[in-house]
$ cat upload.pdb   # PDB, N, CA and C atoms
ATOM      1  N   MET A 233      26.854 -17.906  -9.234
ATOM      2  CA  MET A 233      25.617 -18.645  -9.413
ATOM      3  C   MET A 233      24.449 -17.669  -9.258
ATOM      4  N   PRO A 234      23.555 -17.601 -10.241
ATOM      5  CA  PRO A 234      22.398 -16.700 -10.123
ATOM      6  C   PRO A 234      21.527 -17.066  -8.925
ATOM      7  N   LEU A 235      20.831 -16.068  -8.418
ATOM      8  CA  LEU A 235      19.995 -16.251  -7.234
ATOM      9  C   LEU A 235      18.978 -17.369  -7.426
ATOM     10  N   PHE A 236      18.320 -17.409  -8.585
ATOM     11  CA  PHE A 236      17.307 -18.427  -8.822
ATOM     12  C   PHE A 236      17.920 -19.828  -8.746
ATOM     13  N   GLU A 237      19.077 -19.983  -9.344
ATOM     14  CA  GLU A 237      19.735 -21.301  -9.322
ATOM     15  C   GLU A 237      20.112 -21.693  -7.892
ATOM     16  N   LEU A 238      20.576 -20.724  -7.129
ATOM     17  CA  LEU A 238      20.926 -20.989  -5.738
ATOM     18  C   LEU A 238      19.697 -21.417  -4.945
ATOM     19  N   LEU A 239      18.588 -20.719  -5.150
ATOM     20  CA  LEU A 239      17.369 -21.070  -4.439
ATOM     21  C   LEU A 239      16.844 -22.444  -4.852
ATOM     22  N   LYS A 240      16.964 -22.771  -6.133
ATOM     23  CA  LYS A 240      16.555 -24.115  -6.573
ATOM     24  C   LYS A 240      17.425 -25.180  -5.913
ATOM     25  N   PHE A 241      18.704 -24.888  -5.787
ATOM     26  CA  PHE A 241      19.611 -25.830  -5.145
ATOM     27  C   PHE A 241      19.225 -26.045  -3.684
ATOM     28  N   ILE A 242      18.925 -24.939  -2.995
ATOM     29  CA  ILE A 242      18.503 -25.049  -1.597
ATOM     30  C   ILE A 242      17.214 -25.846  -1.500
ATOM     31  N   TYR A 243      16.298 -25.617  -2.458
ATOM     32  CA  TYR A 243      15.045 -26.380  -2.453
ATOM     33  C   TYR A 243      15.332 -27.873  -2.593
ATOM     34  N   MET A 244      16.263 -28.200  -3.477
ATOM     35  CA  MET A 244      16.598 -29.619  -3.668
ATOM     36  C   MET A 244      17.076 -30.248  -2.370
ATOM     37  N   LEU A 245      17.668 -29.447  -1.525
ATOM     38  CA  LEU A 245      18.123 -29.956  -0.234
ATOM     39  C   LEU A 245      16.992 -29.973   0.804
ATOM     40  N   TYR A 246      15.811 -29.549   0.396
ATOM     41  CA  TYR A 246      14.623 -29.525   1.262
ATOM     42  C   TYR A 246      14.793 -28.628   2.481
ATOM     43  N   LEU A 247      15.551 -27.565   2.310
ATOM     44  CA  LEU A 247      15.714 -26.652   3.431
ATOM     45  C   LEU A 247      14.557 -25.659   3.534
ATOM     46  N   ILE A 248      14.024 -25.261   2.374
ATOM     47  CA  ILE A 248      12.874 -24.365   2.386
ATOM     48  C   ILE A 248      11.868 -24.836   1.334
ATOM     49  N   PRO A 249      10.565 -24.652   1.585
ATOM     50  CA  PRO A 249       9.553 -25.115   0.634
ATOM     51  C   PRO A 249       9.589 -24.324  -0.676
ATOM     52  N   LEU A 250       9.177 -24.956  -1.749
ATOM     53  CA  LEU A 250       9.163 -24.328  -3.065
ATOM     54  C   LEU A 250       8.223 -23.129  -3.093
ATOM     55  N   SER A 251       7.124 -23.166  -2.352
ATOM     56  CA  SER A 251       6.176 -22.041  -2.351
ATOM     57  C   SER A 251       6.847 -20.761  -1.854
ATOM     58  N   ILE A 252       7.728 -20.878  -0.883
ATOM     59  CA  ILE A 252       8.439 -19.708  -0.369
ATOM     60  C   ILE A 252       9.431 -19.197  -1.409
ATOM     61  N   ILE A 253      10.104 -20.097  -2.102
ATOM     62  CA  ILE A 253      11.043 -19.692  -3.153
ATOM     63  C   ILE A 253      10.299 -18.950  -4.257
ATOM     64  N   ASN A 254       9.168 -19.501  -4.717
ATOM     65  CA  ASN A 254       8.390 -18.845  -5.774
ATOM     66  C   ASN A 254       7.888 -17.486  -5.330
ATOM     67  N   LYS A 255       7.456 -17.373  -4.090
ATOM     68  CA  LYS A 255       6.970 -16.101  -3.573
ATOM     69  C   LYS A 255       8.104 -15.068  -3.596
ATOM     70  N   PHE A 256       9.282 -15.478  -3.194
ATOM     71  CA  PHE A 256      10.435 -14.585  -3.154
ATOM     72  C   PHE A 256      10.832 -14.127  -4.560
ATOM     73  N   ILE A 257      10.789 -15.023  -5.524
ATOM     74  CA  ILE A 257      11.225 -14.711  -6.879
ATOM     75  C   ILE A 257      10.189 -13.874  -7.620
ATOM     76  N   ASN A 258       8.903 -14.168  -7.434
ATOM     77  CA  ASN A 258       7.861 -13.539  -8.233
ATOM     78  C   ASN A 258       7.304 -12.245  -7.661
ATOM     79  N   MET A 259       7.529 -11.951  -6.415
ATOM     80  CA  MET A 259       6.936 -10.773  -5.796
ATOM     81  C   MET A 259       7.982  -9.696  -5.549
ATOM     82  N   PRO A 260       7.642  -8.454  -5.835
ATOM     83  CA  PRO A 260       8.589  -7.373  -5.561
ATOM     84  C   PRO A 260       8.673  -7.096  -4.059
ATOM     85  N   TYR A 261       9.864  -7.136  -3.516
ATOM     86  CA  TYR A 261      10.031  -6.897  -2.086
ATOM     87  C   TYR A 261      10.567  -5.509  -1.798
ATOM     88  N   ASN A 262      11.262  -4.936  -2.726
ATOM     89  CA  ASN A 262      11.753  -3.571  -2.565
ATOM     90  C   ASN A 262      11.269  -2.770  -3.757
ATOM     91  N   PHE A 263      10.217  -2.000  -3.560
ATOM     92  CA  PHE A 263       9.665  -1.212  -4.641
ATOM     93  C   PHE A 263       9.038   0.040  -4.054
ATOM     94  N   THR A 264       8.759   0.984  -4.926
ATOM     95  CA  THR A 264       8.084   2.204  -4.521
ATOM     96  C   THR A 264       6.820   2.320  -5.339
ATOM     97  N   LYS A 265       5.703   2.599  -4.680
ATOM     98  CA  LYS A 265       4.425   2.792  -5.372
ATOM     99  C   LYS A 265       3.924   4.184  -5.046
ATOM    100  N   GLN A 266       3.595   4.928  -6.082
ATOM    101  CA  GLN A 266       2.974   6.239  -5.902
ATOM    102  C   GLN A 266       1.500   6.011  -5.601
ATOM    103  N   ILE A 267       1.006   6.629  -4.550
ATOM    104  CA  ILE A 267      -0.408   6.506  -4.216
ATOM    105  C   ILE A 267      -1.005   7.893  -4.039
ATOM    106  N   ARG A 268      -2.280   7.996  -4.334
ATOM    107  CA  ARG A 268      -2.999   9.255  -4.155
ATOM    108  C   ARG A 268      -3.639   9.239  -2.779
ATOM    109  N   VAL A 269      -3.409  10.289  -2.014
ATOM    110  CA  VAL A 269      -3.913  10.395  -0.646
ATOM    111  C   VAL A 269      -4.830  11.613  -0.553
ATOM    112  N   ILE A 270      -5.933  11.455   0.148
ATOM    113  CA  ILE A 270      -6.828  12.578   0.420
ATOM    114  C   ILE A 270      -6.650  12.953   1.880
ATOM    115  N   ILE A 271      -6.350  14.242   2.119
ATOM    116  CA  ILE A 271      -6.171  14.734   3.487
ATOM    117  C   ILE A 271      -7.193  15.840   3.724
ATOM    118  N   GLU A 272      -7.961  15.674   4.788
ATOM    119  CA  GLU A 272      -8.987  16.658   5.154
ATOM    120  C   GLU A 272      -8.749  17.114   6.583
ATOM    121  N   LYS A 273      -9.318  18.245   6.917
ATOM    122  CA  LYS A 273      -9.251  18.749   8.282
ATOM    123  C   LYS A 273     -10.683  18.850   8.794
ATOM    124  N   ASP A 274     -10.985  18.166   9.901
ATOM    125  CA  ASP A 274     -12.363  18.180  10.398
ATOM    126  C   ASP A 274     -12.643  19.415  11.250
ATOM    127  N   GLU A 275     -13.867  19.512  11.755
ATOM    128  CA  GLU A 275     -14.292  20.697  12.501
ATOM    129  C   GLU A 275     -13.537  20.880  13.814
ATOM    130  N   ASP A 276     -12.916  19.808  14.323
ATOM    131  CA  ASP A 276     -12.136  19.898  15.560
ATOM    132  C   ASP A 276     -10.652  20.168  15.297
ATOM    133  N   GLY A 277     -10.276  20.356  14.014
ATOM    134  CA  GLY A 277      -8.887  20.631  13.668
ATOM    135  C   GLY A 277      -8.030  19.392  13.507
ATOM    136  N   ILE A 278      -8.649  18.224  13.480
ATOM    137  CA  ILE A 278      -7.913  16.965  13.305
ATOM    138  C   ILE A 278      -7.769  16.676  11.819
ATOM    139  N   TYR A 279      -6.569  16.295  11.399
ATOM    140  CA  TYR A 279      -6.314  15.934  10.007
ATOM    141  C   TYR A 279      -6.659  14.461   9.806
ATOM    142  N   ILE A 280      -7.387  14.174   8.740
ATOM    143  CA  ILE A 280      -7.795  12.811   8.413
ATOM    144  C   ILE A 280      -7.272  12.500   7.021
ATOM    145  N   ALA A 281      -6.536  11.393   6.892
ATOM    146  CA  ALA A 281      -5.966  10.991   5.601
ATOM    147  C   ALA A 281      -6.514   9.634   5.206
ATOM    148  N   SER A 282      -6.796   9.480   3.921
ATOM    149  CA  SER A 282      -7.246   8.189   3.408
ATOM    150  C   SER A 282      -6.650   7.949   2.030
ATOM    151  N   VAL A 283      -6.571   6.672   1.668
ATOM    152  CA  VAL A 283      -6.057   6.267   0.362
ATOM    153  C   VAL A 283      -7.211   5.589  -0.374
ATOM    154  N   PRO A 284      -7.823   6.276  -1.345
ATOM    155  CA  PRO A 284      -8.983   5.702  -2.028
ATOM    156  C   PRO A 284      -8.716   4.352  -2.694
ATOM    157  N   SER A 285      -7.515   4.142  -3.195
ATOM    158  CA  SER A 285      -7.211   2.886  -3.896
ATOM    159  C   SER A 285      -6.927   1.727  -2.945
ATOM    160  N   LEU A 286      -6.776   2.008  -1.645
ATOM    161  CA  LEU A 286      -6.525   0.961  -0.650
ATOM    162  C   LEU A 286      -7.707   0.970   0.330
ATOM    163  N   SER A 287      -8.685   0.171   0.041
ATOM    164  CA  SER A 287      -9.929   0.162   0.811
ATOM    165  C   SER A 287      -9.665  -0.001   2.309
ATOM    166  N   GLY A 288     -10.175   0.947   3.096
ATOM    167  CA  GLY A 288     -10.025   0.889   4.549
ATOM    168  C   GLY A 288      -8.720   1.445   5.077
ATOM    169  N   CYS A 289      -7.884   1.999   4.216
ATOM    170  CA  CYS A 289      -6.589   2.544   4.639
ATOM    171  C   CYS A 289      -6.752   4.022   4.954
ATOM    172  N   HIS A 290      -6.793   4.351   6.240
ATOM    173  CA  HIS A 290      -6.925   5.733   6.662
ATOM    174  C   HIS A 290      -6.331   5.915   8.058
ATOM    175  N   THR A 291      -6.094   7.179   8.416
ATOM    176  CA  THR A 291      -5.537   7.497   9.724
ATOM    177  C   THR A 291      -5.880   8.946  10.053
ATOM    178  N   GLN A 292      -5.485   9.379  11.237
ATOM    179  CA  GLN A 292      -5.713  10.762  11.636
ATOM    180  C   GLN A 292      -4.601  11.223  12.563
ATOM    181  N   ALA A 293      -4.454  12.553  12.678
ATOM    182  CA  ALA A 293      -3.434  13.136  13.556
ATOM    183  C   ALA A 293      -3.771  14.600  13.801
ATOM    184  N   LYS A 294      -3.096  15.179  14.785
ATOM    185  CA  LYS A 294      -3.333  16.586  15.124
ATOM    186  C   LYS A 294      -2.597  17.540  14.196
ATOM    187  N   THR A 295      -1.525  17.081  13.535
ATOM    188  CA  THR A 295      -0.769  17.954  12.627
ATOM    189  C   THR A 295      -0.709  17.339  11.236
ATOM    190  N   TYR A 296      -0.510  18.216  10.257
ATOM    191  CA  TYR A 296      -0.403  17.764   8.866
ATOM    192  C   TYR A 296       0.801  16.828   8.683
ATOM    193  N   GLU A 297       1.930  17.225   9.243
ATOM    194  CA  GLU A 297       3.153  16.427   9.097
ATOM    195  C   GLU A 297       2.963  15.027   9.678
ATOM    196  N   LYS A 298       2.305  14.954  10.832
ATOM    197  CA  LYS A 298       2.109  13.666  11.487
ATOM    198  C   LYS A 298       1.133  12.783  10.704
ATOM    199  N   VAL A 299       0.082  13.390  10.125
ATOM    200  CA  VAL A 299      -0.872  12.577   9.369
ATOM    201  C   VAL A 299      -0.219  12.032   8.094
ATOM    202  N   VAL A 300       0.671  12.816   7.486
ATOM    203  CA  VAL A 300       1.393  12.332   6.304
ATOM    204  C   VAL A 300       2.288  11.154   6.691
ATOM    205  N   GLU A 301       3.000  11.294   7.793
ATOM    206  CA  GLU A 301       3.852  10.199   8.282
ATOM    207  C   GLU A 301       3.020   8.949   8.562
ATOM    208  N   ARG A 302       1.893   9.133   9.217
ATOM    209  CA  ARG A 302       1.048   7.984   9.585
ATOM    210  C   ARG A 302       0.413   7.316   8.374
ATOM    211  N   ILE A 303      -0.007   8.093   7.372
ATOM    212  CA  ILE A 303      -0.632   7.462   6.204
ATOM    213  C   ILE A 303       0.408   6.711   5.383
ATOM    214  N   GLN A 304       1.650   7.192   5.378
ATOM    215  CA  GLN A 304       2.721   6.435   4.716
ATOM    216  C   GLN A 304       2.932   5.096   5.417
ATOM    217  N   GLN A 305       2.931   5.108   6.737
ATOM    218  CA  GLN A 305       3.076   3.865   7.496
ATOM    219  C   GLN A 305       1.890   2.939   7.259
ATOM    220  N   ALA A 306       0.681   3.501   7.306
ATOM    221  CA  ALA A 306      -0.522   2.689   7.119
ATOM    222  C   ALA A 306      -0.555   2.056   5.730
ATOM    223  N   ALA A 307      -0.232   2.830   4.706
ATOM    224  CA  ALA A 307      -0.222   2.306   3.340
ATOM    225  C   ALA A 307       0.868   1.248   3.178
ATOM    226  N   GLY A 308       2.025   1.484   3.784
ATOM    227  CA  GLY A 308       3.098   0.487   3.724
ATOM    228  C   GLY A 308       2.690  -0.824   4.367
ATOM    229  N   LEU A 309       2.047  -0.752   5.519
ATOM    230  CA  LEU A 309       1.572  -1.969   6.182
ATOM    231  C   LEU A 309       0.478  -2.653   5.374
ATOM    232  N   TYR A 310      -0.407  -1.870   4.787
ATOM    233  CA  TYR A 310      -1.473  -2.415   3.949
ATOM    234  C   TYR A 310      -0.868  -3.215   2.794
ATOM    235  N   LEU A 311       0.101  -2.599   2.105
ATOM    236  CA  LEU A 311       0.735  -3.275   0.968
ATOM    237  C   LEU A 311       1.505  -4.506   1.412
ATOM    238  N   GLU A 312       2.111  -4.445   2.582
ATOM    239  CA  GLU A 312       2.837  -5.600   3.115
ATOM    240  C   GLU A 312       1.884  -6.765   3.378
ATOM    241  N   VAL A 313       0.734  -6.480   3.952
ATOM    242  CA  VAL A 313      -0.264  -7.527   4.199
ATOM    243  C   VAL A 313      -0.761  -8.104   2.876
ATOM    244  N   MET A 314      -1.005  -7.233   1.896
ATOM    245  CA  MET A 314      -1.456  -7.711   0.587
ATOM    246  C   MET A 314      -0.395  -8.607  -0.055
ATOM    247  N   ARG A 315       0.868  -8.246   0.117
ATOM    248  CA  ARG A 315       1.947  -9.088  -0.419
ATOM    249  C   ARG A 315       1.933 -10.454   0.251
ATOM    250  N   ASP A 316       1.754 -10.474   1.565
ATOM    251  CA  ASP A 316       1.739 -11.735   2.287
ATOM    252  C   ASP A 316       0.548 -12.598   1.910
ATOM    253  N   LYS A 317      -0.535 -11.981   1.454
ATOM    254  CA  LYS A 317      -1.725 -12.722   1.017
ATOM    255  C   LYS A 317      -1.670 -13.038  -0.480
ATOM    256  N   ASP A 318      -0.549 -12.777  -1.115
ATOM    257  CA  ASP A 318      -0.371 -12.993  -2.557
ATOM    258  C   ASP A 318      -1.357 -12.189  -3.396
ATOM    259  N   GLN A 319      -1.743 -11.014  -2.941
ATOM    260  CA  GLN A 319      -2.671 -10.165  -3.679
ATOM    261  C   GLN A 319      -2.015  -8.864  -4.134
ATOM    262  N   LEU A 320      -0.736  -8.743  -3.922
ATOM    263  CA  LEU A 320      -0.050  -7.484  -4.229
ATOM    264  C   LEU A 320       0.010  -7.218  -5.730
ATOM    265  N   LYS A 321       0.251  -8.245  -6.543
ATOM    266  CA  LYS A 321       0.349  -8.039  -7.990
ATOM    267  C   LYS A 321      -0.951  -7.451  -8.533
ATOM    268  N   HIS A 322      -2.075  -7.974  -8.067
ATOM    269  CA  HIS A 322      -3.376  -7.449  -8.502
ATOM    270  C   HIS A 322      -3.528  -5.994  -8.086
ATOM    271  N   LEU A 323      -3.137  -5.691  -6.876
ATOM    272  CA  LEU A 323      -3.266  -4.326  -6.356
ATOM    273  C   LEU A 323      -2.363  -3.357  -7.116
ATOM    274  N   LEU A 324      -1.151  -3.772  -7.440
ATOM    275  CA  LEU A 324      -0.217  -2.900  -8.159
ATOM    276  C   LEU A 324      -0.690  -2.631  -9.581
ATOM    277  N   ALA A 325      -1.480  -3.534 -10.140
ATOM    278  CA  ALA A 325      -1.965  -3.369 -11.507
ATOM    279  C   ALA A 325      -3.134  -2.384 -11.579
ATOM    280  N   LYS A 326      -3.796  -2.132 -10.449
ATOM    281  CA  LYS A 326      -4.930  -1.211 -10.441
ATOM    282  C   LYS A 326      -4.469   0.220 -10.677
ATOM    283  N   ARG A 327      -5.267   0.975 -11.420
ATOM    284  CA  ARG A 327      -4.978   2.396 -11.624
ATOM    285  C   ARG A 327      -5.489   3.195 -10.438
ATOM    286  N   GLU A 328      -4.784   4.259 -10.137
ATOM    287  CA  GLU A 328      -5.236   5.178  -9.101
ATOM    288  C   GLU A 328      -6.490   5.882  -9.605
ATOM    289  N   PRO A 329      -7.445   6.162  -8.715
ATOM    290  CA  PRO A 329      -8.619   6.923  -9.158
ATOM    291  C   PRO A 329      -8.225   8.331  -9.591
ATOM    292  N   SER A 330      -8.899   8.829 -10.602
ATOM    293  CA  SER A 330      -8.601  10.176 -11.107
ATOM    294  C   SER A 330      -9.215  11.213 -10.190
ATOM    295  N   PHE A 331      -8.466  12.272  -9.958
ATOM    296  CA  PHE A 331      -8.955  13.378  -9.151
ATOM    297  C   PHE A 331      -9.567  14.399 -10.095
ATOM    298  N   LEU A 332     -10.803  14.762  -9.850
ATOM    299  CA  LEU A 332     -11.465  15.727 -10.715
ATOM    300  C   LEU A 332     -11.459  17.123 -10.122
ATOM    301  N   ALA A 333     -12.114  17.304  -8.970
ATOM    302  CA  ALA A 333     -12.205  18.649  -8.412
ATOM    303  C   ALA A 333     -12.781  18.594  -7.004
ATOM    304  N   VAL A 334     -12.597  19.706  -6.309
ATOM    305  CA  VAL A 334     -13.273  19.932  -5.039
ATOM    306  C   VAL A 334     -14.145  21.153  -5.263
ATOM    307  N   GLU A 335     -15.409  21.023  -4.978
ATOM    308  CA  GLU A 335     -16.358  22.112  -5.226
ATOM    309  C   GLU A 335     -17.038  22.512  -3.923
ATOM    310  N   ASP A 336     -17.242  23.807  -3.730
ATOM    311  CA  ASP A 336     -18.103  24.326  -2.674
ATOM    312  C   ASP A 336     -19.421  24.664  -3.351
ATOM    313  N   LEU A 337     -20.468  23.947  -2.990
ATOM    314  CA  LEU A 337     -21.765  24.135  -3.607
ATOM    315  C   LEU A 337     -22.727  24.785  -2.643
ATOM    316  N   ALA A 338     -23.540  25.701  -3.122
ATOM    317  CA  ALA A 338     -24.596  26.302  -2.325
ATOM    318  C   ALA A 338     -25.860  25.470  -2.518
ATOM    319  N   ILE A 339     -26.404  25.001  -1.424
ATOM    320  CA  ILE A 339     -27.601  24.176  -1.455
ATOM    321  C   ILE A 339     -28.718  24.938  -0.767
ATOM    322  N   ARG A 340     -29.827  25.161  -1.462
ATOM    323  CA  ARG A 340     -30.979  25.863  -0.890
ATOM    324  C   ARG A 340     -31.792  24.879  -0.056
ATOM    325  N   ILE A 341     -32.106  25.296   1.145
ATOM    326  CA  ILE A 341     -32.853  24.434   2.084
ATOM    327  C   ILE A 341     -34.206  25.072   2.364
TER     328      ILE A 341
END
$ encode --input "upload.pdb" --output "structure tokens"
Amino acid sequence: MPLFELLKFIYMLYLIPLSIINKFINMPYNFTKQIRVIIEKDEDGIYIASVPSLSGCHTQAKTYEKVVERIQQAAGLYLEVMRDKDQLKHLLAKREPSFLAVEDLAIRI
């Protein structure tokens, strides 16, 4: 019996609400998303990572390896919350911002 048919059968028995079944069927629960991360090192030697496409998703750490680990966790939690709010499909459809360049500019004061 296909999964959808099984879930419809369970719904008929009123064991779980239809909204939960639809959420399970329509939303990707196991997927991988490539994201662009910006990692900087501040004047105190602390690494700061942010994800431009995920507003407010950032973290910091004393080592590069740790900041990479933490930003992966932060982005994963961000996407999980978006999925729970039924906003994940919209977020997955967005394009990553294009990276152009990093420039050191001389500014006359």
$ residues_around --input "upload.pdb" --residues "A:Tyr296" --least-positions-apart "3" --cutoff "8 Å" --atoms "all atoms listed in the file" --output "ChimeraX atom specification"
/A:278-280,293,299-302
$ residues_near_point --input "upload.pdb" --point "(-10.9, 15.1, 3.0)" --cutoff "12 Å" --atoms "only C-alpha atoms" --output "ChimeraX atom specification"
/A:269-275,278-284,290-292,334
$ atom_distance --input "upload.pdb" --atom1 "atom N of A:Glu297" --atom2 "atom CA of A:Val313"
25.4 Å
$ select_by_dssp --input "upload.pdb" --residues "stretch 291-328 of chain A" --states "alpha helix (DSSP H)" --output "tab-separated table (two decimals) with N, CA and C atoms, keeping the file's coordinate frame"
chain	number	residue	atom	x	y	z
A	296	TYR	N	-0.51	18.22	10.26
A	296	TYR	CA	-0.40	17.76	8.87
A	296	TYR	C	0.80	16.83	8.68
A	297	GLU	N	1.93	17.23	9.24
A	297	GLU	CA	3.15	16.43	9.10
A	297	GLU	C	2.96	15.03	9.68
A	298	LYS	N	2.31	14.95	10.83
A	298	LYS	CA	2.11	13.67	11.49
A	298	LYS	C	1.13	12.78	10.70
A	299	VAL	N	0.08	13.39	10.12
A	299	VAL	CA	-0.87	12.58	9.37
A	299	VAL	C	-0.22	12.03	8.09
A	300	VAL	N	0.67	12.82	7.49
A	300	VAL	CA	1.39	12.33	6.30
A	300	VAL	C	2.29	11.15	6.69
A	301	GLU	N	3.00	11.29	7.79
A	301	GLU	CA	3.85	10.20	8.28
A	301	GLU	C	3.02	8.95	8.56
A	302	ARG	N	1.89	9.13	9.22
A	302	ARG	CA	1.05	7.98	9.59
A	302	ARG	C	0.41	7.32	8.37
A	303	ILE	N	-0.01	8.09	7.37
A	303	ILE	CA	-0.63	7.46	6.20
A	303	ILE	C	0.41	6.71	5.38
A	304	GLN	N	1.65	7.19	5.38
A	304	GLN	CA	2.72	6.44	4.72
A	304	GLN	C	2.93	5.10	5.42
A	305	GLN	N	2.93	5.11	6.74
A	305	GLN	CA	3.08	3.86	7.50
A	305	GLN	C	1.89	2.94	7.26
A	306	ALA	N	0.68	3.50	7.31
A	306	ALA	CA	-0.52	2.69	7.12
A	306	ALA	C	-0.56	2.06	5.73
A	307	ALA	N	-0.23	2.83	4.71
A	307	ALA	CA	-0.22	2.31	3.34
A	307	ALA	C	0.87	1.25	3.18
A	308	GLY	N	2.02	1.48	3.78
A	308	GLY	CA	3.10	0.49	3.72
A	308	GLY	C	2.69	-0.82	4.37
A	309	LEU	N	2.05	-0.75	5.52
A	309	LEU	CA	1.57	-1.97	6.18
A	309	LEU	C	0.48	-2.65	5.37
A	310	TYR	N	-0.41	-1.87	4.79
A	310	TYR	CA	-1.47	-2.42	3.95
A	310	TYR	C	-0.87	-3.22	2.79
A	311	LEU	N	0.10	-2.60	2.10
A	311	LEU	CA	0.74	-3.28	0.97
A	311	LEU	C	1.50	-4.51	1.41
A	312	GLU	N	2.11	-4.44	2.58
A	312	GLU	CA	2.84	-5.60	3.12
A	312	GLU	C	1.88	-6.76	3.38
A	313	VAL	N	0.73	-6.48	3.95
A	313	VAL	CA	-0.26	-7.53	4.20
A	313	VAL	C	-0.76	-8.10	2.88
A	314	MET	N	-1.00	-7.23	1.90
A	314	MET	CA	-1.46	-7.71	0.59
A	314	MET	C	-0.40	-8.61	-0.06
A	315	ARG	N	0.87	-8.25	0.12
A	315	ARG	CA	1.95	-9.09	-0.42
A	315	ARG	C	1.93	-10.45	0.25
A	316	ASP	N	1.75	-10.47	1.56
A	316	ASP	CA	1.74	-11.74	2.29
A	316	ASP	C	0.55	-12.60	1.91
A	320	LEU	N	-0.74	-8.74	-3.92
A	320	LEU	CA	-0.05	-7.48	-4.23
A	320	LEU	C	0.01	-7.22	-5.73
A	321	LYS	N	0.25	-8.24	-6.54
A	321	LYS	CA	0.35	-8.04	-7.99
A	321	LYS	C	-0.95	-7.45	-8.53
A	322	HIS	N	-2.08	-7.97	-8.07
A	322	HIS	CA	-3.38	-7.45	-8.50
A	322	HIS	C	-3.53	-5.99	-8.09
A	323	LEU	N	-3.14	-5.69	-6.88
A	323	LEU	CA	-3.27	-4.33	-6.36
A	323	LEU	C	-2.36	-3.36	-7.12
A	324	LEU	N	-1.15	-3.77	-7.44
A	324	LEU	CA	-0.22	-2.90	-8.16
A	324	LEU	C	-0.69	-2.63	-9.58
A	325	ALA	N	-1.48	-3.53	-10.14
A	325	ALA	CA	-1.96	-3.37	-11.51
A	325	ALA	C	-3.13	-2.38	-11.58
$ residues_around --input "upload.pdb" --residues "A:Ala307" --least-positions-apart "2" --cutoff "8 Å" --atoms "only C-alpha atoms" --output "count of residues only"
9
$ axis_aligned_box --input "upload.pdb" --around "stretch 263-272 of chain A" --padding-each-side "6 Å" --output "JSON"
{"center_x": 0.6, "center_y": 7.6, "center_z": 0.3, "size_x": 31.2, "size_y": 31.1, "size_z": 24.7}
$ atom_distance --input "upload.pdb" --atom1 "atom CA of A:Ser285" --atom2 "atom C of A:Leu337"
26.9 Å
$ atom_distance --input "upload.pdb" --atom1 "atom N of A:Arg315" --atom2 "atom CA of A:Gln266"
15.8 Å
